[in-house]
Amino acid sequence: MPIYIDSAGTLHHDQAQNFALTCPHCDLLSHVTPVSVPQYVALVTLKPSHVGIVYRCDACNAPLFLKFPVKMYAGSRVELSGSFQELERPREKLDFTHLPDGIDRLCREALACFSAGCYNAFASMCRRVAQAAFTDLGEHGKLKMFDQLNDSREMAELDQETFNILRKVLFGNDSAASRSSMPTLDATTAGVLLEVLKDLLYQCYVRRGRLQQAMMMRRRYALDDTLTKVTQLGKKP
Ligand SMILES: [Zn+2]
């Protein structure tokens with residue numbers, strides 16, 4: 001009986017000592033403590049199919065709301081399933097530093113859709129991100145991104161069905177025919193799409209931006225070094 005609420009309204013959880021979640025507020029994997037459990041009398045009277053429990057993140061004290069399916073109303077306790085749902089999930093992270101302004105904004109909205117579990121809205125935003133990148137990088141850049149998608153497919157050993165969904169989402173256009181063929185995504189495929197999008201943006205923008213920044217710093221160091229030597233030479237009698 002791993003999780004149940006007894007007739008006194010006390011929550012029993014055999015993994016309570018080790019129950020940890022990634023907190024959406026402080027982003028730490030933290031132990032969580034139940035702070036608000038529904039009243040037993042109300043549960044057995046109304047018999048809801050799901051029970052909401054508020055936990056406290058031990059790292060930052062923020063409240064975390066979890067929704068547990070009820071397994072059964074048995075005797076003097078309410079048994080809960082361990083497959084709970086987190087109502088607020090940690091935000092996905094992406095390095096926005098080297099992304100152009102317009103693409104940066106679209107990516108933030110795409111991640112917000114993903115974090116909210118709106119996977120088809122996420123897919124639509126991914127297409128907008130891809131289209132903005134194609135406009136920014138030109139036809140050559142678009143072809144390069146397609147090659148990178150193929151590389152990701154090999155490296156991540158994606159199956160043909162998943163690859164076709166990713167290709168349609170990212171490289172389809174918004175004509176009437178293509179709109180109707182926009183695939184429907186489940187949580188798993190949306191997760192794969194997110195990782196592929198991150199990788200494509202990293203290859204097209206982040207990697208290039210970091211390299212250019214590093215080269216600029218190297219040239220500046222070399223120039224500073226040259227100026228120092230010239231100054232030292234000028235000081236000699
Ligand atoms: Zn926290």
# chains A, B, ... in the order shown; residues from 1 in each chain; ligands from 1
call {"tool": "residues_near_ligand", "arguments": {"ligand": "ligand 1", "cutoff": "12 Å", "atoms": "only C-alpha atoms and all ligand atoms", "output": "PDB file with N, CA and C atoms, in the first residue's frame"}}
result
ATOM      1  N   ALA A  20      11.460  13.087  -4.107  1.00  0.00           N
ATOM      2  CA  ALA A  20      12.098  14.325  -4.592  1.00  0.00           C
ATOM      3  C   ALA A  20      11.614  14.633  -6.001  1.00  0.00           C
ATOM      4  N   LEU A  21      11.513  15.913  -6.307  1.00  0.00           N
ATOM      5  CA  LEU A  21      11.084  16.370  -7.630  1.00  0.00           C
ATOM      6  C   LEU A  21      11.992  17.513  -8.080  1.00  0.00           C
ATOM      7  N   THR A  22      12.060  17.726  -9.386  1.00  0.00           N
ATOM      8  CA  THR A  22      12.748  18.920  -9.871  1.00  0.00           C
ATOM      9  C   THR A  22      11.769  20.082  -9.753  1.00  0.00           C
ATOM     10  N   CYS A  23      12.101  21.022  -8.900  1.00  0.00           N
ATOM     11  CA  CYS A  23      11.180  22.122  -8.591  1.00  0.00           C
ATOM     12  C   CYS A  23      11.109  23.112  -9.756  1.00  0.00           C
ATOM     13  N   PRO A  24       9.895  23.472 -10.222  1.00  0.00           N
ATOM     14  CA  PRO A  24       9.788  24.428 -11.333  1.00  0.00           C
ATOM     15  C   PRO A  24      10.129  25.855 -10.921  1.00  0.00           C
ATOM     16  N   HIS A  25      10.282  26.082  -9.612  1.00  0.00           N
ATOM     17  CA  HIS A  25      10.567  27.449  -9.146  1.00  0.00           C
ATOM     18  C   HIS A  25      12.065  27.679  -8.936  1.00  0.00           C
ATOM     19  N   CYS A  26      12.755  26.682  -8.337  1.00  0.00           N
ATOM     20  CA  CYS A  26      14.196  26.883  -8.079  1.00  0.00           C
ATOM     21  C   CYS A  26      15.055  25.984  -8.963  1.00  0.00           C
ATOM     22  N   ASP A  27      14.417  25.094  -9.749  1.00  0.00           N
ATOM     23  CA  ASP A  27      15.127  24.214 -10.687  1.00  0.00           C
ATOM     24  C   ASP A  27      16.043  23.190 -10.012  1.00  0.00           C
ATOM     25  N   LEU A  28      15.893  23.002  -8.695  1.00  0.00           N
ATOM     26  CA  LEU A  28      16.726  22.001  -8.005  1.00  0.00           C
ATOM     27  C   LEU A  28      15.938  20.700  -7.841  1.00  0.00           C
ATOM     28  N   LEU A  29      16.665  19.585  -7.861  1.00  0.00           N
ATOM     29  CA  LEU A  29      16.036  18.314  -7.501  1.00  0.00           C
ATOM     30  C   LEU A  29      15.971  18.296  -5.985  1.00  0.00           C
ATOM     31  N   SER A  30      14.773  18.465  -5.451  1.00  0.00           N
ATOM     32  CA  SER A  30      14.650  18.681  -4.006  1.00  0.00           C
ATOM     33  C   SER A  30      13.630  17.726  -3.385  1.00  0.00           C
ATOM     34  N   HIS A  31      13.877  17.384  -2.117  1.00  0.00           N
ATOM     35  CA  HIS A  31      12.878  16.616  -1.376  1.00  0.00           C
ATOM     36  C   HIS A  31      11.644  17.492  -1.182  1.00  0.00           C
ATOM     37  N   VAL A  32      10.457  16.908  -1.267  1.00  0.00           N
ATOM     38  CA  VAL A  32       9.236  17.692  -1.078  1.00  0.00           C
ATOM     39  C   VAL A  32       8.419  17.120   0.089  1.00  0.00           C
ATOM     40  N   THR A  33       7.755  18.016   0.797  1.00  0.00           N
ATOM     41  CA  THR A  33       6.998  17.633   1.995  1.00  0.00           C
ATOM     42  C   THR A  33       5.529  17.979   1.796  1.00  0.00           C
ATOM     43  N   TYR A  55       2.449  20.074  -2.024  1.00  0.00           N
ATOM     44  CA  TYR A  55       3.723  19.806  -1.366  1.00  0.00           C
ATOM     45  C   TYR A  55       4.510  21.110  -1.249  1.00  0.00           C
ATOM     46  N   ARG A  56       5.500  21.090  -0.387  1.00  0.00           N
ATOM     47  CA  ARG A  56       6.400  22.227  -0.261  1.00  0.00           C
ATOM     48  C   ARG A  56       7.787  21.786  -0.714  1.00  0.00           C
ATOM     49  N   CYS A  57       8.405  22.593  -1.585  1.00  0.00           N
ATOM     50  CA  CYS A  57       9.788  22.314  -1.996  1.00  0.00           C
ATOM     51  C   CYS A  57      10.681  22.646  -0.799  1.00  0.00           C
ATOM     52  N   ASP A  58      11.450  21.654  -0.319  1.00  0.00           N
ATOM     53  CA  ASP A  58      12.288  21.887   0.863  1.00  0.00           C
ATOM     54  C   ASP A  58      13.444  22.848   0.573  1.00  0.00           C
ATOM     55  N   ALA A  59      13.770  23.044  -0.719  1.00  0.00           N
ATOM     56  CA  ALA A  59      14.889  23.943  -1.058  1.00  0.00           C
ATOM     57  C   ALA A  59      14.463  25.403  -1.075  1.00  0.00           C
ATOM     58  N   CYS A  60      13.258  25.702  -1.625  1.00  0.00           N
ATOM     59  CA  CYS A  60      12.891  27.118  -1.778  1.00  0.00           C
ATOM     60  C   CYS A  60      11.538  27.451  -1.136  1.00  0.00           C
ATOM     61  N   ASN A  61      10.881  26.457  -0.536  1.00  0.00           N
ATOM     62  CA  ASN A  61       9.592  26.651   0.146  1.00  0.00           C
ATOM     63  C   ASN A  61       8.415  26.922  -0.775  1.00  0.00           C
ATOM     64  N   ALA A  62       8.618  26.846  -2.086  1.00  0.00           N
ATOM     65  CA  ALA A  62       7.505  27.105  -3.024  1.00  0.00           C
ATOM     66  C   ALA A  62       6.501  25.950  -2.968  1.00  0.00           C
ATOM     67  N   PRO A  63       5.206  26.245  -3.181  1.00  0.00           N
ATOM     68  CA  PRO A  63       4.218  25.162  -3.193  1.00  0.00           C
ATOM     69  C   PRO A  63       4.210  24.430  -4.539  1.00  0.00           C
ATOM     70  N   LEU A  64       4.070  23.107  -4.468  1.00  0.00           N
ATOM     71  CA  LEU A  64       4.016  22.287  -5.685  1.00  0.00           C
ATOM     72  C   LEU A  64       2.728  21.475  -5.619  1.00  0.00           C
ATOM     73  N   GLU A  88       2.676  22.061 -12.398  1.00  0.00           N
ATOM     74  CA  GLU A  88       3.690  22.974 -12.932  1.00  0.00           C
ATOM     75  C   GLU A  88       4.949  22.155 -13.153  1.00  0.00           C
ATOM     76  N   ARG A  89       5.445  22.206 -14.371  1.00  0.00           N
ATOM     77  CA  ARG A  89       6.649  21.435 -14.647  1.00  0.00           C
ATOM     78  C   ARG A  89       7.834  22.370 -14.817  1.00  0.00           C
ATOM     79  N   PRO A  90       9.057  21.870 -14.559  1.00  0.00           N
ATOM     80  CA  PRO A  90      10.220  22.743 -14.741  1.00  0.00           C
ATOM     81  C   PRO A  90      10.293  23.224 -16.185  1.00  0.00           C
TER      82      PRO A  90
END
call {"tool": "residues_around", "arguments": {"residues": "stretch 146-158 of chain A", "least_positions_apart": "5", "cutoff": "10 Å", "atoms": "only C-alpha atoms", "output": "list in words"}}
result
His140, Gly141, Phe163, Asn164, Leu166, Arg167, Leu170, Phe171, Val192, Glu195, Val196, Leu197, Asp199, Leu200, Gln203 and Cys204 of chain A
call {"tool": "closest_residue", "arguments": {"among": "A:His98, A:Arg108, A:His12, A:Lys67", "to": "A:Arg208", "atoms": "only C-alpha atoms"}}
result
A:His98
call {"tool": "closest_residue", "arguments": {"among": "A:Ile165, A:Leu106, A:Ala74, A:Cys113", "to": "A:Arg91", "atoms": "only C-alpha atoms"}}
result
A:Cys113
call {"tool": "closest_residue", "arguments": {"among": "A:Thr162, A:Thr97, A:Thr226, A:Thr231", "to": "A:Gln213", "atoms": "only C-alpha atoms"}}
result
A:Thr97
call {"tool": "atom_distance", "arguments": {"atom1": "atom CA of A:Leu185", "atom2": "atom CA of A:Ala123"}}
result
7.4 Å
call {"tool": "select_by_dssp", "arguments": {"residues": "stretch 1-232 of chain A", "states": "alpha helix (DSSP H)", "output": "PyMOL selection string"}}
result
chain A and resi 40-46+101-115+119-155+160-171+176-180+187-201+207-232
call {"tool": "decode", "arguments": {"residues": "stretch 6-22 of chain A", "atoms": "all heavy atoms", "output": "mmCIF file, in the first residue's frame"}}
result
data_model
loop_
_atom_site.group_PDB
_atom_site.id
_atom_site.type_symbol
_atom_site.label_atom_id
_atom_site.label_comp_id
_atom_site.auth_asym_id
_atom_site.auth_seq_id
_atom_site.Cartn_x
_atom_site.Cartn_y
_atom_site.Cartn_z
ATOM 1 N N ASP A 6 -5.375 8.051 5.303
ATOM 2 C CA ASP A 6 -6.170 7.282 6.273
ATOM 3 C C ASP A 6 -7.379 8.097 6.762
ATOM 4 O O ASP A 6 -7.555 9.267 6.371
ATOM 5 C CB ASP A 6 -5.297 6.784 7.443
ATOM 6 C CG ASP A 6 -4.792 7.930 8.321
ATOM 7 O OD1 ASP A 6 -5.367 9.030 8.274
ATOM 8 O OD2 ASP A 6 -3.807 7.700 9.056
ATOM 9 N N SER A 7 -8.203 7.474 7.608
ATOM 10 C CA SER A 7 -9.459 8.108 8.021
ATOM 11 C C SER A 7 -9.239 9.352 8.888
ATOM 12 O O SER A 7 -10.152 10.155 9.082
ATOM 13 C CB SER A 7 -10.347 7.104 8.775
ATOM 14 O OG SER A 7 -9.628 6.602 9.888
ATOM 15 N N ALA A 8 -7.992 9.526 9.388
ATOM 16 C CA ALA A 8 -7.680 10.742 10.147
ATOM 17 C C ALA A 8 -7.182 11.849 9.214
ATOM 18 O O ALA A 8 -6.828 12.931 9.671
ATOM 19 C CB ALA A 8 -6.622 10.433 11.200
ATOM 20 N N GLY A 9 -7.123 11.543 7.910
ATOM 21 C CA GLY A 9 -6.674 12.552 6.941
ATOM 22 C C GLY A 9 -5.161 12.647 6.828
ATOM 23 O O GLY A 9 -4.623 13.618 6.293
ATOM 24 N N THR A 10 -4.453 11.598 7.322
ATOM 25 C CA THR A 10 -2.984 11.611 7.248
ATOM 26 C C THR A 10 -2.531 10.885 5.983
ATOM 27 O O THR A 10 -3.036 9.804 5.664
ATOM 28 C CB THR A 10 -2.386 10.904 8.488
ATOM 29 O OG1 THR A 10 -2.913 11.541 9.659
ATOM 30 C CG2 THR A 10 -0.869 10.981 8.491
ATOM 31 N N LEU A 11 -1.574 11.504 5.314
ATOM 32 C CA LEU A 11 -1.039 10.889 4.087
ATOM 33 C C LEU A 11 0.075 9.908 4.463
ATOM 34 O O LEU A 11 1.006 10.256 5.191
ATOM 35 C CB LEU A 11 -0.474 11.984 3.168
ATOM 36 C CG LEU A 11 0.154 11.498 1.857
ATOM 37 C CD1 LEU A 11 -0.924 10.984 0.892
ATOM 38 C CD2 LEU A 11 0.950 12.622 1.189
ATOM 39 N N HIS A 12 -0.022 8.680 3.960
ATOM 40 C CA HIS A 12 1.026 7.674 4.169
ATOM 41 C C HIS A 12 1.681 7.376 2.825
ATOM 42 O O HIS A 12 0.998 7.102 1.840
ATOM 43 C CB HIS A 12 0.423 6.377 4.737
ATOM 44 C CG HIS A 12 -0.202 6.573 6.082
ATOM 45 N ND1 HIS A 12 0.434 6.262 7.261
ATOM 46 C CD2 HIS A 12 -1.418 7.094 6.420
ATOM 47 C CE1 HIS A 12 -0.360 6.568 8.281
ATOM 48 N NE2 HIS A 12 -1.498 7.071 7.787
ATOM 49 N N HIS A 13 2.988 7.466 2.798
ATOM 50 C CA HIS A 13 3.717 7.249 1.544
ATOM 51 C C HIS A 13 5.004 6.513 1.910
ATOM 52 O O HIS A 13 5.847 7.048 2.626
ATOM 53 C CB HIS A 13 4.027 8.624 0.904
ATOM 54 C CG HIS A 13 4.660 8.529 -0.446
ATOM 55 N ND1 HIS A 13 4.965 9.626 -1.209
ATOM 56 C CD2 HIS A 13 5.043 7.455 -1.183
ATOM 57 C CE1 HIS A 13 5.515 9.240 -2.344
ATOM 58 N NE2 HIS A 13 5.576 7.931 -2.352
ATOM 59 N N ASP A 14 5.159 5.287 1.421
ATOM 60 C CA ASP A 14 6.325 4.501 1.857
ATOM 61 C C ASP A 14 7.650 5.075 1.342
ATOM 62 O O ASP A 14 8.706 4.755 1.866
ATOM 63 C CB ASP A 14 6.165 3.019 1.472
ATOM 64 C CG ASP A 14 6.081 2.808 -0.022
ATOM 65 O OD1 ASP A 14 5.959 3.813 -0.767
ATOM 66 O OD2 ASP A 14 6.137 1.643 -0.457
ATOM 67 N N GLN A 15 7.578 5.937 0.301
ATOM 68 C CA GLN A 15 8.808 6.550 -0.221
ATOM 69 C C GLN A 15 8.931 8.020 0.200
ATOM 70 O O GLN A 15 9.687 8.776 -0.401
ATOM 71 C CB GLN A 15 8.804 6.474 -1.755
ATOM 72 C CG GLN A 15 8.851 5.065 -2.317
ATOM 73 C CD GLN A 15 10.144 4.347 -1.945
ATOM 74 O OE1 GLN A 15 11.217 4.932 -2.031
ATOM 75 N NE2 GLN A 15 10.033 3.106 -1.502
ATOM 76 N N ALA A 16 8.163 8.403 1.228
ATOM 77 C CA ALA A 16 8.113 9.822 1.608
ATOM 78 C C ALA A 16 9.496 10.405 1.917
ATOM 79 O O ALA A 16 9.790 11.545 1.568
ATOM 80 C CB ALA A 16 7.201 10.015 2.815
ATOM 81 N N GLN A 17 10.364 9.592 2.543
ATOM 82 C CA GLN A 17 11.694 10.100 2.926
ATOM 83 C C GLN A 17 12.546 10.432 1.702
ATOM 84 O O GLN A 17 13.420 11.295 1.762
ATOM 85 C CB GLN A 17 12.431 9.042 3.770
ATOM 86 C CG GLN A 17 11.805 8.772 5.120
ATOM 87 C CD GLN A 17 11.828 9.997 6.028
ATOM 88 O OE1 GLN A 17 12.793 10.749 6.019
ATOM 89 N NE2 GLN A 17 10.758 10.223 6.778
ATOM 90 N N ASN A 18 12.280 9.725 0.602
ATOM 91 C CA ASN A 18 13.106 9.910 -0.609
ATOM 92 C C ASN A 18 12.332 10.600 -1.727
ATOM 93 O O ASN A 18 12.788 10.620 -2.866
ATOM 94 C CB ASN A 18 13.584 8.541 -1.137
ATOM 95 C CG ASN A 18 14.318 7.779 -0.069
ATOM 96 O OD1 ASN A 18 15.142 8.354 0.624
ATOM 97 N ND2 ASN A 18 14.002 6.498 0.088
ATOM 98 N N PHE A 19 11.157 11.127 -1.416
ATOM 99 C CA PHE A 19 10.313 11.678 -2.486
ATOM 100 C C PHE A 19 10.863 13.044 -2.906
ATOM 101 O O PHE A 19 10.775 14.024 -2.158
ATOM 102 C CB PHE A 19 8.874 11.797 -1.984
ATOM 103 C CG PHE A 19 7.884 12.083 -3.080
ATOM 104 C CD1 PHE A 19 7.978 11.458 -4.320
ATOM 105 C CD2 PHE A 19 6.836 12.970 -2.879
ATOM 106 C CE1 PHE A 19 7.064 11.707 -5.326
ATOM 107 C CE2 PHE A 19 5.914 13.232 -3.871
ATOM 108 C CZ PHE A 19 6.030 12.594 -5.102
ATOM 109 N N ALA A 20 11.460 13.087 -4.107
ATOM 110 C CA ALA A 20 12.098 14.325 -4.592
ATOM 111 C C ALA A 20 11.614 14.633 -6.001
ATOM 112 O O ALA A 20 11.325 13.732 -6.798
ATOM 113 C CB ALA A 20 13.607 14.157 -4.589
ATOM 114 N N LEU A 21 11.513 15.913 -6.307
ATOM 115 C CA LEU A 21 11.084 16.370 -7.630
ATOM 116 C C LEU A 21 11.992 17.513 -8.080
ATOM 117 O O LEU A 21 12.589 18.192 -7.246
ATOM 118 C CB LEU A 21 9.648 16.910 -7.574
ATOM 119 C CG LEU A 21 8.543 15.946 -7.191
ATOM 120 C CD1 LEU A 21 7.251 16.725 -6.944
ATOM 121 C CD2 LEU A 21 8.334 14.922 -8.300
ATOM 122 N N THR A 22 12.060 17.726 -9.386
ATOM 123 C CA THR A 22 12.748 18.920 -9.871
ATOM 124 C C THR A 22 11.769 20.082 -9.753
ATOM 125 O O THR A 22 10.717 20.085 -10.381
ATOM 126 C CB THR A 22 13.217 18.736 -11.324
ATOM 127 O OG1 THR A 22 14.077 17.606 -11.370
ATOM 128 C CG2 THR A 22 13.968 19.968 -11.812
#
